[in-house]
Amino acid sequence: MKTNKIPLVDLKRQYQSIEQEMMAAIKNVLDETSFILGEPVACFEKSFAGLCGVASGIGTSSGTTALHLALVALGIVPGDEVITVANTFIATSEAISQTGAKVVFVDIDEKTYNLDISKLEEKITARTKAIIPVHLFGQSADMEAIMQIARTKNLKVIEDASQAHLAEFKGKRVGSFGDAACFSFYPGKNLGAYGDAGIVVTNHQTLAQKMRILSNHGRINKYEHLVEGYNYRLDTLQAAVLNVKLKYLDQWTQKRRQIAHLYDILLKDAAVKTPFVDERARHVYHLYVIRLADRLRLEKILTEHGIATGVHYPVPLHLQKAYQYLGYKKGDLPVTERCADEILSLPIFPELTNEEINTIGHVIRRELKHKRDESLERVAQNV
Ligand SMILES: Cc1ncc(COP(=O)(O)O)c(C=O)c1O
């Protein structure tokens with residue numbers, strides 16, 4: 001099997017660029033031998049919430065636990081329904097089910113791949129308590145419309161911003177729209193830890209306090225537990241890692257946007273759909289996702305050239321075995337299903353070089369031009 005010359009994500013290049021600073025930060029935690037909570041966690045929570053333009057941040061052990069924590073603190077209980085999309089990582093819906101609530105999937109917008117506002121209201125029932133929009137691939141969902149519907153129907157909104165650090169909608173950072181917003185710092189994310197980590201941010205003080213208590217065994221001090229909670233704390237070593245990386249997030253995000261721009265230019269004439277950008281949104285390109293009918297063939301050609309690709313996500317959640325019990329069938333979310341068959345993620349990470357991007361663009365252009373020529377030939381033969 002051919003090894004990839006151009007990986008989908010290369011975490012080593014980034015580590016090498018900040019190695020000394022990172023080792024010093026990690027050593028500092030080891031020297032202090034203070035491994036639970038403490039200054040690195042508090043510092044990160046404050047800085048990250050500030051970046052989102054939100055009052056409070058509660059570090060968590062992952063993006064998944066951040067989502068679960070927010071749902072529990074917002075009072076989601078068995079019998080409730082929570083609406084989300086089916087073209088996301090399963091963590092979004094797992095968190096809903098873990099509260100005992102029922103997951104209700106809504107279809108997506110063909111262009112942005114985010115929740116389709118026009119199909120949202122028909123999914124709302126008397127049992128609906130919350131909506132979790134996912135800012136997929138790094139582009140914000142239409143938070144203005146979602147918040148408006150949610151307020152009218154008295155629903156809570158939890159943004160799943162796991163793929164959208166520093167993304168914006170109408171000049172406002174994601175994370176600042178919903179009642180709460182959750183971010184993942186899984187290593188490959190735009191801001192990635194060196195293990196599992198996450199955060200939930202909110203502007204509501206009482207909610208923040210509730211989540212903080214719940215995330216740390218329901219504690220109000222060392223020996224007093226107000227309620228039964230969870231061990232969802234952000235690891236101190238991971239917080240130290242994130243504090244180092246946070247300084248570079250803006251610069252890395254700009255780099256991702258430049259790479260996406262270069263791809264856009266290179267693929268302009270190829271027979272693929274490049275990412276659609278809502279003019280109200282600032283896309284942060286966690287993933288650069290193209291769309292084409294014959295994905296398999298392009299995947300194969302790129303692999304042959306040592307270029308890694310991914311599919312996010314090939315099997316929508318409503319068609320996963322895990323959700324068979326919900327009773328969805330093929331055809332229930334037609335746009336989600338169509339997109340799942342046709343999307344392809346190309347390599348994107350801040351350290352990807354122009355040469356690599358050019359190589360990828362060249363291979364795709366050559367392949368898809370070739371196919372276009374073939375179809376033209378067929379037309380010519382029929383004339
Ligand atoms: C959209 C989305 N939601 C939730 C998660 C879960 O985050 P974590 O892996 O940190 O638990 C991820 C990433 O893994 C994600 O991409």
# chains A, B, ... in the order shown; residues from 1 in each chain; ligands from 1
call {"tool": "residues_near_ligand", "arguments": {"ligand": "ligand 1", "cutoff": "6 Å", "atoms": "only C-alpha atoms and all ligand atoms", "output": "list in words"}}
result
Ser62, Gly63, Thr64, Thr88, Phe89, Ala91, Thr92, Val134, Asp160, Ser162, Gln163, Ser184, Phe185, Tyr186, Asp196, Ala197 and Gly198 of chain A
call {"tool": "residues_around", "arguments": {"residues": "stretch 22-38 of chain A", "least_positions_apart": "2", "cutoff": "9 Å", "atoms": "only C-alpha atoms", "output": "ChimeraX atom specification"}}
result
/A:15,18-20,40-43,233-241,243-245
call {"tool": "residues_around", "arguments": {"residues": "A:Pro314", "least_positions_apart": "3", "cutoff": "7 Å", "atoms": "only C-alpha atoms", "output": "PyMOL selection string"}}
result
chain A and resi 311+340-341
call {"tool": "closest_atom_pairs", "arguments": {"of": "stretch 270-369 of chain A", "to": "stretch 109-126 of chain A", "cutoff": "8 Å", "atoms": "only C-alpha atoms", "output": "tab-separated table"}}
result
residue	atom	partner	partner_atom	distance
A:Pro275	CA	A:Thr112	CA	7.6
A:Phe276	CA	A:Lys111	CA	5.9
A:Val277	CA	A:Thr112	CA	7.0
A:Asp278	CA	A:Thr112	CA	7.2
A:Val335	CA	A:Glu110	CA	6.1
A:Thr336	CA	A:Tyr113	CA	7.8
A:Cys339	CA	A:Glu110	CA	7.5
call {"tool": "closest_residue", "arguments": {"among": "A:Lys210, A:His318, A:Lys5, A:Lys330", "to": "A:Gly306", "atoms": "only C-alpha atoms"}}
result
A:Lys5
call {"tool": "residues_around", "arguments": {"residues": "stretch 174-178 of chain A", "least_positions_apart": "3", "cutoff": "6 Å", "atoms": "only C-alpha atoms", "output": "list in words"}}
result
Cys52, Val54, Val157, Ile158, Glu159, Ala167, Glu168 and Ala181 of chain A
